[in-house]
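Next comes protein.tsv, a file with TSV, C-alpha atoms.
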chain	number	residue	atom	x	y	z
A	8	MET	CA	31.47	26.53	10.04
A	9	GLY	CA	28.34	27.14	12.12
A	10	SER	CA	26.87	24.71	14.60
A	11	ALA	CA	23.76	22.74	13.74
A	12	VAL	CA	20.46	24.36	14.68
A	13	PHE	CA	18.91	22.61	17.67
A	14	THR	CA	15.49	21.03	17.45
A	15	PRO	CA	13.87	18.76	20.04
A	16	ALA	CA	14.09	15.91	17.51
A	17	SER	CA	17.70	15.46	18.59
A	18	LEU	CA	16.50	14.49	22.07
A	19	PHE	CA	14.99	11.34	20.60
A	20	ALA	CA	17.93	10.34	18.42
A	21	SER	CA	18.93	7.46	20.67
A	22	GLY	CA	15.50	5.89	20.69
A	23	GLU	CA	14.16	7.71	23.72
A	24	GLN	CA	10.43	7.36	24.30
A	25	GLY	CA	8.19	10.41	24.53
A	26	GLY	CA	6.68	13.10	22.37
A	27	TRP	CA	7.21	16.59	20.96
A	28	TYR	CA	4.25	18.89	20.27
A	29	ASP	CA	4.71	22.13	18.35
A	30	PRO	CA	1.70	24.46	17.85
A	31	SER	CA	3.83	26.73	15.65
A	32	ASP	CA	3.89	23.99	13.00
A	33	LEU	CA	0.43	24.22	11.48
A	34	THR	CA	1.15	21.22	9.29
A	35	SER	CA	1.26	19.06	12.43
A	36	MET	CA	-2.31	19.88	13.54
A	37	TRP	CA	-5.88	19.33	12.39
A	38	GLN	CA	-9.30	20.63	13.35
A	39	ASP	CA	-10.72	17.12	13.61
A	40	SER	CA	-9.52	14.16	15.61
A	41	ALA	CA	-9.21	12.02	12.48
A	42	GLY	CA	-6.64	14.39	11.00
A	43	THR	CA	-8.45	15.33	7.79
A	44	THR	CA	-9.12	19.09	8.07
A	45	PRO	CA	-5.95	21.17	8.46
A	46	ALA	CA	-5.62	23.40	11.48
A	47	ALA	CA	-6.46	27.08	11.16
A	48	VAL	CA	-5.92	30.01	13.48
A	49	ASN	CA	-8.95	30.70	15.72
A	50	SER	CA	-10.33	27.21	15.10
A	51	PRO	CA	-10.39	24.22	17.44
A	52	VAL	CA	-7.60	21.66	17.29
A	53	GLY	CA	-8.66	18.03	17.41
A	54	LYS	CA	-5.30	16.47	16.65
A	55	ILE	CA	-1.69	17.47	17.16
A	56	ASN	CA	0.94	15.14	15.88
A	57	ASP	CA	3.95	14.01	17.83
A	58	LYS	CA	7.03	15.34	16.02
A	59	SER	CA	9.45	13.13	17.97
A	60	GLY	CA	8.87	10.28	15.58
A	61	ARG	CA	7.35	8.05	18.24
A	62	GLY	CA	3.79	8.42	16.96
A	63	ASN	CA	2.31	9.54	20.28
A	64	HIS	CA	-0.23	11.90	18.76
A	65	PHE	CA	-2.74	13.79	20.91
A	66	THR	CA	-6.42	13.92	19.95
A	67	GLN	CA	-9.75	15.30	21.17
A	68	ALA	CA	-12.99	14.32	19.41
A	69	THR	CA	-15.39	16.68	21.22
A	70	THR	CA	-15.23	20.13	19.66
A	71	ALA	CA	-16.37	21.90	22.83
A	72	ALA	CA	-13.37	20.38	24.65
A	73	LYS	CA	-10.76	21.17	22.02
A	74	PRO	CA	-8.14	23.85	22.59
A	75	ILE	CA	-8.19	26.68	20.07
A	76	LEU	CA	-5.19	27.58	17.92
A	77	ARG	CA	-4.34	31.24	18.40
A	78	GLN	CA	-1.74	33.51	16.86
A	79	SER	CA	-0.05	36.48	18.50
A	80	GLY	CA	2.36	38.14	16.11
A	81	ALA	CA	4.76	35.44	14.98
A	82	LEU	CA	3.88	33.13	17.86
A	83	TYR	CA	1.28	30.34	17.89
A	84	TYR	CA	-0.29	28.63	20.86
A	85	LEU	CA	-3.07	26.31	21.93
A	86	GLU	CA	-5.52	28.12	24.16
A	87	PHE	CA	-7.11	25.96	26.87
A	88	ASP	CA	-10.15	27.62	28.44
A	89	GLY	CA	-9.92	26.24	31.97
A	90	VAL	CA	-13.55	25.11	31.72
A	91	ASP	CA	-13.69	21.91	29.67
A	92	ASP	CA	-10.71	21.87	27.30
A	93	TRP	CA	-8.24	19.01	27.25
A	94	ILE	CA	-6.42	16.80	24.81
A	95	ALA	CA	-4.75	13.46	25.37
A	96	SER	CA	-2.52	10.94	23.72
A	97	THR	CA	-4.73	8.82	21.50
A	98	ALA	CA	-3.20	5.65	22.88
A	99	VAL	CA	-1.00	4.97	25.85
A	100	LEU	CA	2.28	6.88	25.80
A	101	PRO	CA	4.92	4.41	26.91
A	102	LEU	CA	7.74	5.62	29.15
A	103	THR	CA	8.62	2.12	30.25
A	104	ALA	CA	12.26	1.93	29.23
A	105	ASN	CA	13.50	3.42	32.49
A	106	ASP	CA	12.52	5.42	35.54
A	107	ASN	CA	13.57	8.85	34.30
A	108	ALA	CA	11.61	11.56	32.48
A	109	THR	CA	11.96	15.15	31.33
A	110	VAL	CA	8.83	17.24	30.73
A	111	ALA	CA	9.49	20.67	29.25
A	112	LEU	CA	6.66	23.13	28.73
A	113	ALA	CA	6.49	26.54	27.11
A	114	LEU	CA	3.29	28.02	28.43
A	115	GLU	CA	1.45	30.96	29.86
A	116	MET	CA	-0.66	29.87	32.78
A	117	THR	CA	-3.60	32.14	33.48
A	118	SER	CA	-5.57	30.13	36.03
A	119	ALA	CA	-4.22	30.02	39.56
A	120	THR	CA	-4.70	26.28	39.76
A	121	GLY	CA	-4.98	23.46	37.29
A	122	MET	CA	-3.47	20.28	35.94
A	123	VAL	CA	-1.04	21.15	33.18
A	124	ILE	CA	-0.03	17.63	32.18
A	125	GLU	CA	-0.54	14.22	33.77
A	126	HIS	CA	0.65	10.75	32.84
A	127	SER	CA	-2.39	8.51	33.51
A	128	THR	CA	-5.84	9.35	34.82
A	129	SER	CA	-4.39	10.00	38.27
A	130	ALA	CA	-0.75	10.19	39.22
A	131	ASP	CA	-1.88	10.11	42.84
A	132	SER	CA	-2.97	6.51	42.61
A	133	ASN	CA	-1.28	4.94	39.57
A	134	ASN	CA	2.31	3.77	39.87
A	135	GLY	CA	4.96	4.88	37.38
A	136	THR	CA	3.44	8.29	36.77
A	137	TYR	CA	4.08	12.02	36.93
A	138	TYR	CA	2.12	15.21	36.78
A	139	VAL	CA	2.78	18.92	36.61
A	140	TYR	CA	0.15	20.86	38.51
A	141	ARG	CA	-0.29	24.52	39.32
A	142	GLY	CA	-1.29	24.45	42.96
A	143	GLY	CA	-1.77	28.20	43.40
A	144	SER	CA	-0.91	31.47	41.76
A	145	THR	CA	2.71	31.18	42.90
A	146	THR	CA	2.88	27.43	43.45
A	147	TRP	CA	4.40	25.00	40.96
A	148	ARG	CA	3.78	21.46	42.00
A	149	PRO	CA	5.43	18.68	40.01
A	150	GLN	CA	4.96	15.11	41.17
A	151	ALA	CA	6.44	11.72	40.39
A	152	ARG	CA	5.48	8.34	41.69
A	153	GLY	CA	7.10	4.98	41.42
A	154	THR	CA	5.21	3.23	44.16
A	155	VAL	CA	5.40	6.23	46.52
A	156	THR	CA	4.43	9.83	45.74
A	157	SER	CA	6.86	12.75	45.90
A	158	ASN	CA	5.28	16.15	45.27
A	159	PRO	CA	7.33	19.13	46.34
A	160	PHE	CA	5.93	22.66	46.21
A	161	PHE	CA	8.04	25.30	44.45
A	162	THR	CA	7.41	29.04	44.60
A	163	VAL	CA	7.27	30.72	41.19
A	164	SER	CA	6.00	33.96	39.64
A	165	ALA	CA	2.32	34.73	40.03
A	166	VAL	CA	-0.11	34.11	37.20
A	167	PRO	CA	-0.32	35.12	34.44
A	168	ASP	CA	3.01	33.35	34.24
A	169	LYS	CA	4.62	32.98	30.85
A	170	ALA	CA	7.72	30.83	31.07
A	171	VAL	CA	9.57	27.74	30.00
A	172	TYR	CA	9.33	25.11	32.73
A	173	THR	CA	11.62	22.08	32.62
A	174	ASN	CA	10.66	19.31	35.04
A	175	GLN	CA	12.83	16.28	35.56
A	176	PHE	CA	11.90	13.10	37.38
A	177	SER	CA	13.94	10.13	38.56
A	178	ILE	CA	12.14	7.45	40.52
A	179	SER	CA	15.15	5.52	41.80
A	180	GLY	CA	17.10	8.76	42.18
A	181	ASP	CA	14.25	10.31	44.21
A	182	VAL	CA	14.47	13.50	42.17
A	183	VAL	CA	11.70	15.91	41.25
A	184	SER	CA	13.26	19.12	39.94
A	185	THR	CA	12.03	22.19	38.10
A	186	ARG	CA	13.76	24.95	36.20
A	187	ARG	CA	11.90	28.10	35.19
A	188	ASN	CA	13.48	30.00	32.33
A	189	LYS	CA	16.72	28.07	32.89
A	190	ALA	CA	16.96	28.85	36.61
A	191	SER	CA	16.30	26.21	39.24
A	192	VAL	CA	13.20	26.82	41.34
A	193	GLY	CA	13.69	23.72	43.44
A	194	THR	CA	14.48	20.05	43.78
A	195	GLY	CA	12.54	17.56	45.84
A	196	ALA	CA	14.24	14.46	47.20
A	197	GLY	CA	11.28	12.61	48.64
A	198	ASP	CA	11.11	8.86	48.27
A	199	GLN	CA	9.34	7.73	45.09
A	200	GLY	CA	9.50	4.01	45.73
A	201	THR	CA	10.48	1.74	42.87
A	202	GLY	CA	9.77	0.84	39.28
A	203	ASN	CA	9.89	2.46	35.87
A	204	PHE	CA	7.42	4.90	34.43
A	205	GLY	CA	4.41	3.21	32.92
A	206	SER	CA	2.34	3.10	29.76
A	207	TYR	CA	-0.62	5.41	30.22
A	208	GLN	CA	-2.51	7.99	28.27
A	209	THR	CA	-1.05	11.43	28.89
A	210	TYR	CA	-3.50	14.29	29.45
A	211	LEU	CA	-2.87	17.94	28.72
A	212	GLY	CA	-5.11	20.59	30.29
A	213	ALA	CA	-7.02	18.57	32.88
A	214	ARG	CA	-7.02	15.48	35.05
A	215	ALA	CA	-8.43	12.57	33.04
A	216	GLY	CA	-10.40	15.05	30.97
A	217	SER	CA	-12.85	15.57	33.79
A	218	SER	CA	-11.48	17.86	36.51
A	219	LEU	CA	-8.73	20.31	37.48
A	220	PHE	CA	-8.91	22.18	34.19
A	221	SER	CA	-6.16	24.67	33.38
A	222	ALA	CA	-6.60	28.00	31.64
A	223	MET	CA	-3.37	28.27	29.74
A	224	LYS	CA	-1.62	28.94	26.48
A	225	ILE	CA	0.63	26.12	25.31
A	226	TYR	CA	3.47	27.09	22.98
A	227	GLY	CA	5.31	23.77	23.04
A	228	VAL	CA	5.62	20.50	24.95
A	229	VAL	CA	8.43	17.96	25.03
A	230	ILE	CA	8.09	14.71	26.97
A	231	ARG	CA	11.24	12.62	27.03
A	232	GLY	CA	11.70	9.28	28.71
A	233	ALA	CA	15.13	10.17	30.01
A	234	LEU	CA	16.85	12.77	32.09
A	235	THR	CA	18.29	15.70	30.13
A	236	ALA	CA	21.66	16.57	31.59
A	237	ASP	CA	21.76	20.05	30.12
A	238	PRO	CA	18.34	21.23	28.97
A	239	THR	CA	19.55	24.71	28.03
A	240	ALA	CA	19.26	24.22	24.27
A	241	LEU	CA	15.74	22.84	24.67
A	242	GLU	CA	14.76	25.71	26.91
A	243	ASP	CA	16.13	28.29	24.51
A	244	TYR	CA	14.26	26.59	21.67
A	245	LEU	CA	10.99	26.69	23.61
A	246	ALA	CA	11.64	30.28	24.68
A	247	ALA	CA	11.91	31.28	21.03
A	248	LYS	CA	8.58	29.58	20.36
A	249	SER	CA	6.88	31.37	23.23
A	250	GLY	CA	8.67	34.64	23.80
A	251	ALA	CA	9.10	33.60	27.42
A	252	TYR	CA	12.55	35.23	27.67
B	13	MET	CA	-14.76	25.38	8.41
B	14	ALA	CA	-15.51	28.67	10.13
B	15	TYR	CA	-16.19	28.67	13.84
B	16	THR	CA	-17.57	31.09	16.38
B	17	ASP	CA	-15.59	31.95	19.47
B	18	ARG	CA	-16.42	29.90	22.56
B	19	ILE	CA	-20.07	30.02	23.64
B	20	PRO	CA	-21.44	29.17	27.11
B	21	PHE	CA	-24.23	26.60	27.12
B	22	VAL	CA	-26.12	25.26	30.14
B	23	ILE	CA	-28.77	22.55	30.20
B	24	PRO	CA	-30.82	21.24	33.15
B	25	ALA	CA	-29.64	17.78	34.12
B	26	ILE	CA	-33.05	16.32	33.36
B	27	ASN	CA	-32.72	17.49	29.74
B	28	LYS	CA	-29.08	16.49	29.23
B	29	SER	CA	-29.97	13.64	26.89
B	30	ASP	CA	-31.65	16.17	24.56
B	31	ALA	CA	-28.51	18.30	24.48
B	32	ASP	CA	-26.34	15.24	23.95
B	33	ALA	CA	-28.47	14.24	20.95
B	34	VAL	CA	-28.37	17.72	19.41
B	35	PHE	CA	-24.62	18.12	19.85
B	36	ALA	CA	-23.83	14.58	18.71
B	37	THR	CA	-25.29	15.52	15.34
B	38	MET	CA	-24.16	19.16	15.28
B	39	ASP	CA	-20.51	18.56	16.14
B	40	PRO	CA	-18.41	18.07	12.99
B	41	ASP	CA	-16.31	15.57	14.95
B	42	PHE	CA	-17.63	12.36	16.45
B	43	GLY	CA	-17.48	13.31	20.13
B	44	GLY	CA	-20.32	15.82	20.26
B	45	ALA	CA	-22.35	13.74	22.71
B	46	GLY	CA	-19.72	14.55	25.32
B	47	SER	CA	-20.07	18.31	24.97
B	48	PHE	CA	-22.01	18.90	28.19
B	49	SER	CA	-19.35	17.77	30.64
B	50	VAL	CA	-19.24	20.51	33.28
B	51	PRO	CA	-21.26	19.60	36.40
B	52	LEU	CA	-23.11	22.58	37.87
B	53	ASN	CA	-25.44	23.49	40.69
B	54	ALA	CA	-26.25	26.43	42.91
B	55	THR	CA	-23.69	25.71	45.62
B	56	GLY	CA	-20.75	24.05	43.87
B	57	ALA	CA	-21.10	20.94	46.03
B	58	GLY	CA	-23.20	17.84	45.73
B	59	ASN	CA	-24.99	16.46	42.72
B	60	PRO	CA	-25.23	18.52	39.55
B	61	THR	CA	-28.58	20.05	38.70
B	62	HIS	CA	-27.30	21.35	35.39
B	63	TRP	CA	-24.53	20.60	32.90
B	64	GLY	CA	-22.44	23.13	31.04
B	65	SER	CA	-20.39	23.34	27.90
B	66	TYR	CA	-18.01	26.03	26.65
B	67	GLY	CA	-16.75	25.82	23.13
B	68	PRO	CA	-16.95	27.02	19.56
B	69	VAL	CA	-19.54	25.86	17.08
B	70	GLU	CA	-19.56	26.19	13.32
B	71	THR	CA	-21.03	29.50	12.23
B	72	GLY	CA	-23.89	27.71	10.50
B	73	ALA	CA	-24.68	25.86	13.70
B	74	TYR	CA	-24.79	29.10	15.66
B	75	ALA	CA	-27.26	30.58	13.20
B	76	ALA	CA	-29.42	27.47	13.59
B	77	LEU	CA	-29.16	27.49	17.38
B	78	THR	CA	-30.38	31.07	17.52
B	79	GLY	CA	-33.15	30.49	14.97
B	80	THR	CA	-36.41	28.61	15.11
B	81	ASN	CA	-36.91	25.03	16.19
B	82	ALA	CA	-37.57	24.12	12.57
B	83	ALA	CA	-34.37	25.83	11.45
B	84	LEU	CA	-32.29	23.90	13.96
B	85	LYS	CA	-34.01	20.66	13.01
B	86	ALA	CA	-33.34	21.34	9.32
B	87	TYR	CA	-29.70	22.17	10.06
B	88	LEU	CA	-29.21	18.95	12.01
B	89	ASP	CA	-30.87	16.92	9.28
B	90	SER	CA	-28.48	18.45	6.76
B	91	ARG	CA	-25.35	17.40	8.62
B	92	PRO	CA	-23.14	14.70	7.09
B	93	ALA	CA	-24.08	11.25	8.30
B	94	LYS	CA	-22.02	9.85	11.18
B	95	SER	CA	-21.96	6.19	11.99
B	96	GLY	CA	-24.29	5.34	14.85
B	97	ILE	CA	-25.71	8.85	15.15
B	98	THR	CA	-29.26	9.70	14.08
B	99	PRO	CA	-30.42	13.33	13.99
B	100	PRO	CA	-32.78	14.04	16.89
B	101	SER	CA	-36.52	14.36	16.40
B	102	LEU	CA	-38.24	17.73	16.29
B	103	GLY	CA	-39.57	16.99	19.78
B	104	VAL	CA	-36.06	16.58	21.13
B	105	VAL	CA	-34.96	19.77	19.37
B	106	GLN	CA	-37.91	21.65	20.88
B	107	SER	CA	-37.14	20.32	24.35
B	108	PHE	CA	-33.50	21.31	24.00
B	109	LYS	CA	-34.28	24.81	22.79
B	110	GLN	CA	-36.89	25.39	25.49
B	111	THR	CA	-34.54	24.47	28.32
B	112	ALA	CA	-31.02	25.34	27.17
B	113	LEU	CA	-29.37	28.55	28.25
B	114	LEU	CA	-27.28	29.95	25.42
B	115	GLY	CA	-24.65	32.65	25.83
B	116	ALA	CA	-22.97	34.76	23.21
B	117	PRO	CA	-19.75	33.97	21.31
B	118	GLY	CA	-16.79	35.07	23.39
B	119	GLN	CA	-18.84	35.50	26.56
B	120	ASN	CA	-17.04	34.59	29.76
B	121	PHE	CA	-18.24	31.23	31.03
B	122	TRP	CA	-17.89	32.03	34.72
B	123	ALA	CA	-19.78	35.31	34.40
B	124	PHE	CA	-22.50	33.43	32.53
B	125	LEU	CA	-22.76	30.94	35.39
B	126	THR	CA	-22.92	33.69	37.99
B	127	ALA	CA	-25.67	35.44	36.07
B	128	ASN	CA	-27.63	32.21	36.14
B	129	GLY	CA	-27.00	31.38	39.79
B	130	LEU	CA	-24.77	28.39	39.10
B	131	LYS	CA	-21.35	27.18	40.19
B	132	ARG	CA	-19.09	24.42	39.00
B	133	VAL	CA	-19.03	21.22	41.03
B	134	GLU	CA	-15.42	20.14	41.16
B	135	PRO	CA	-13.23	18.21	43.55
B	136	VAL	CA	-10.02	19.78	44.84
B	137	ILE	CA	-6.66	18.05	44.63

Once more with this new file: its structure as structure tokens, please.
Amino acid sequence: MGSAVFTPASLFASGEQGGWYDPSDLTSMWQDSAGTTPAAVNSPVGKINDKSGRGNHFTQATTAAKPILRQSGALYYLEFDGVDDWIASTAVLPLTANDNATVALALEMTSATGMVIEHSTSADSNNGTYYVYRGGSTTWRPQARGTVTSNPFFTVSAVPDKAVYTNQFSISGDVVSTRRNKASVGTGAGDQGTGNFGSYQTYLGARAGSSLFSAMKIYGVVIRGALTADPTALEDYLAAKSGAY
Amino acid sequence: MAYTDRIPFVIPAINKSDADAVFATMDPDFGGAGSFSVPLNATGAGNPTHWGSYGPVETGAYAALTGTNAALKAYLDSRPAKSGITPPSLGVVQSFKQTALLGAPGQNFWAFLTANGLKRVEPVI
């Protein structure tokens, strides 16, 4: 008897908050933000549905700012241009059940700096937030904030950097940790203050849709309002979607 | 719908409302008025003198953008109606076409800026 095939849906089986975004599933995306014209390769994507079952879909109504769906062999990705592309949760994405979060990304970063994903318009000033920022060609800079900001700097491979990054945050535990392709690249233990994560829009590709744009290829994103004790199965799943390893 | 690859566009700040009106109608989605969102000037600091946009347009829109003023006006008038959005007048279309800088599909945005003596105005984190 074989074991069940892993999908990120299992990470939400206990009611965890969050979202799962899968550019390889063309039935989960549309060219328009209303979700009426199906996605097509080499066309802009105005809506990508959340496959976690939580309904936290991402939309972008300005075509110039939409990522473009690309195909490379059997792989699919959203291409963000690093100029004006971004997409965000249509409504607030609640992570209010606790003070833990896992943010796993399969991506190829091509710009040396840029906001990959941010919970709220600014995780520097809003409480109960996180971001994942590329602070330099070899600098991975995750951040979490309860009422105090903790933002360690981790050294990673230079861009272009294709990898699966798993970031975990615990506000009361004062943990900001990152794994790259299943290997730890660092853990920060700075004080994050208190409180749970909040309900904010989550932005992919830029800060608040207005600055710090990232040039990157997104092969998959999983946001989970909980720590993930062993993310190996998730990482392997995202690696298969991206060819990262 | 068929789209071009990304195209660089730049508009002087004083004519941004013309570009907003053209793109509000041209964009098949409802957010076209927000297309010119990249602040630009000669130094990369201070107030923007120009605004940029970098994205795909429908192939029919590209043909209209590179055609005559009348052709672009006719294309915009032919677009499906969107609530709250009225196609711009011929005068607005003429003003847009006279002042907009239009690159080619697939052209690098940053190289386009450099060629036109512009830089992005952006804060650092």

With all atoms listed in the file considered, list every residue of chain B at most 12 Å from chain A, as a short mmCIF file (atom, residue, chain, number, x, y, z; two decimals) with C-alpha atoms, keeping the file's coordinate frame.
data_model
loop_
_atom_site.label_atom_id
_atom_site.label_comp_id
_atom_site.auth_asym_id
_atom_site.auth_seq_id
_atom_site.Cartn_x
_atom_site.Cartn_y
_atom_site.Cartn_z
CA MET B 13 -14.76 25.38 8.41
CA ALA B 14 -15.51 28.67 10.13
CA TYR B 15 -16.19 28.67 13.84
CA THR B 16 -17.57 31.09 16.38
CA ASP B 17 -15.59 31.95 19.47
CA ARG B 18 -16.42 29.90 22.56
CA ILE B 19 -20.07 30.02 23.64
CA PRO B 20 -21.44 29.17 27.11
CA PHE B 21 -24.23 26.60 27.12
CA ASP B 32 -26.34 15.24 23.95
CA PHE B 35 -24.62 18.12 19.85
CA ALA B 36 -23.83 14.58 18.71
CA THR B 37 -25.29 15.52 15.34
CA MET B 38 -24.16 19.16 15.28
CA ASP B 39 -20.51 18.56 16.14
CA PRO B 40 -18.41 18.07 12.99
CA ASP B 41 -16.31 15.57 14.95
CA PHE B 42 -17.63 12.36 16.45
CA GLY B 43 -17.48 13.31 20.13
CA GLY B 44 -20.32 15.82 20.26
CA ALA B 45 -22.35 13.74 22.71
CA GLY B 46 -19.72 14.55 25.32
CA SER B 47 -20.07 18.31 24.97
CA PHE B 48 -22.01 18.90 28.19
CA SER B 49 -19.35 17.77 30.64
CA VAL B 50 -19.24 20.51 33.28
CA PRO B 51 -21.26 19.60 36.40
CA LEU B 52 -23.11 22.58 37.87
CA TRP B 63 -24.53 20.60 32.90
CA GLY B 64 -22.44 23.13 31.04
CA SER B 65 -20.39 23.34 27.90
CA TYR B 66 -18.01 26.03 26.65
CA GLY B 67 -16.75 25.82 23.13
CA PRO B 68 -16.95 27.02 19.56
CA VAL B 69 -19.54 25.86 17.08
CA GLU B 70 -19.56 26.19 13.32
CA THR B 71 -21.03 29.50 12.23
CA GLY B 118 -16.79 35.07 23.39
CA GLN B 119 -18.84 35.50 26.56
CA ASN B 120 -17.04 34.59 29.76
CA PHE B 121 -18.24 31.23 31.03
CA TRP B 122 -17.89 32.03 34.72
CA LEU B 125 -22.76 30.94 35.39
CA LYS B 131 -21.35 27.18 40.19
CA ARG B 132 -19.09 24.42 39.00
CA VAL B 133 -19.03 21.22 41.03
CA GLU B 134 -15.42 20.14 41.16
CA PRO B 135 -13.23 18.21 43.55
CA VAL B 136 -10.02 19.78 44.84
CA ILE B 137 -6.66 18.05 44.63
#

Enclosing box along x, y and z for every listed atom of region 173-180 of chain A, padded 3 Å each side, centre and size in Å, one decimal, as JSON:
{"center_x": 13.9, "center_y": 13.8, "center_z": 37.4, "size_x": 12.4, "size_y": 22.6, "size_z": 15.6}

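Using all atoms listed in the file, the residues found no farther than 9 Å from Gly135 (chain A), other than those of its own chain fewer than 5 positions away, are Leu102, Thr103, Asp106, His126, Ala130, Ala151, Arg152, Gly153, Thr154, Ile178, Thr201, Gly202, Asn203, Phe204, Gly205 and Ser206 of chain A.
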
Problem set entry | Best match for closeness to Phe87 (chain A) among A:Ser21, A:Thr117, A:Ser35, A:Ser249, counting only C-alpha atoms |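 Among the listed residues, the smallest separation from Phe87 (chain A) belongs to A:Thr117.
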
For this session: Could you please determine the separation between CA of Gly193 (chain A) and CA of Trp93 (chain A) in Å, to one decimal place?
Result: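 Computing the Euclidean distance for CA of Gly193 (chain A) and CA of Trp93 (chain A) yields 27.7 Å.
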
For this session: Tell me which protein, DNA and RNA residues are within 12 Å of Thr80 (chain B), counting only C-alpha atoms, leaving out same-chain ones fewer than 3 positions away, and put them as JSON, numbers by chain.
Result: {"B": [74, 75, 76, 77, 83, 84, 85, 86, 87, 102, 105, 106, 108, 109, 110]}

Exercise. Hey, can you check how far CA of Thr61 (chain B) sits from CA of Pro99 (chain B)?
Worked result: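 Spanning CA of Thr61 (chain B) to CA of Pro99 (chain B) is a straight-line distance of 25.7 Å.
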
For this session: Kindly give the distance, in Å, that separates CA of Val22 (chain B) and CA of Leu130 (chain B), rounded to a single decimal.
Result: 9.6 Å

For this session: List the neighbours of Asn107 (chain A) out to 6 Å using only C-alpha atoms; skip same-chain residues closer than 5 positions along the sequence, and give me the result as an NGL selection string.
Result: :A and (176-177 or 232-234)

For this session: Take the point (16.0, 29.2, 36.3) in the file's coordinates, draw a sphere of radius 12 Å around it, and report as a list in words every protein, DNA or RNA residue with an atom inside or on it, counting only C-alpha atoms.
Result: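 The distance filter leaves exactly Thr162, Val163, Ser164, Ala170, Val171, Tyr172, Thr173, Asn174, Ser184, Thr185, Arg186, Arg187, Asn188, Lys189, Ala190, Ser191, Val192, Gly193, Thr194, Pro238, Thr239, Glu242, Asp243 and Tyr252 of chain A.
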
For this session: Just the residues within 9 Å of Gly26 (chain A), please, counting all atoms listed in the file, with nothing from its chain fewer than 2 positions along; format it as a VMD selection string.
Result: chain A and resid 19 24 28 56 to 64 100 228 to 232

Exercise. For Ala25 (chain B), which of B:Ser101, B:Ser95, B:Thr111, B:Thr78 is the closest residue, counting only C-alpha atoms?
Worked result: B:Thr111

For this session: May I have the residues within 7 Å of Val139 (chain A) as a list in words, using all atoms listed in the file and disregarding those fewer than 3 positions away in the same chain?
Result: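 My list of contacting residues is Met122, Val123, Ile124, Glu125, Arg148, Pro149 and Gln150 of chain A.
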
Write the residues you've just listed into a file as a PDB file, in the frame of the given file, and include C-alpha atoms for each of them.
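Saved to result31.pdb:
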ATOM      1  CA  MET A 122      -3.470  20.280  35.940  1.00  0.00           C
ATOM      2  CA  VAL A 123      -1.040  21.150  33.180  1.00  0.00           C
ATOM      3  CA  ILE A 124      -0.030  17.630  32.180  1.00  0.00           C
ATOM      4  CA  GLU A 125      -0.540  14.220  33.770  1.00  0.00           C
ATOM      5  CA  ARG A 148       3.780  21.460  42.000  1.00  0.00           C
ATOM      6  CA  PRO A 149       5.430  18.680  40.010  1.00  0.00           C
ATOM      7  CA  GLN A 150       4.960  15.110  41.170  1.00  0.00           C
TER       8      GLN A 150
END
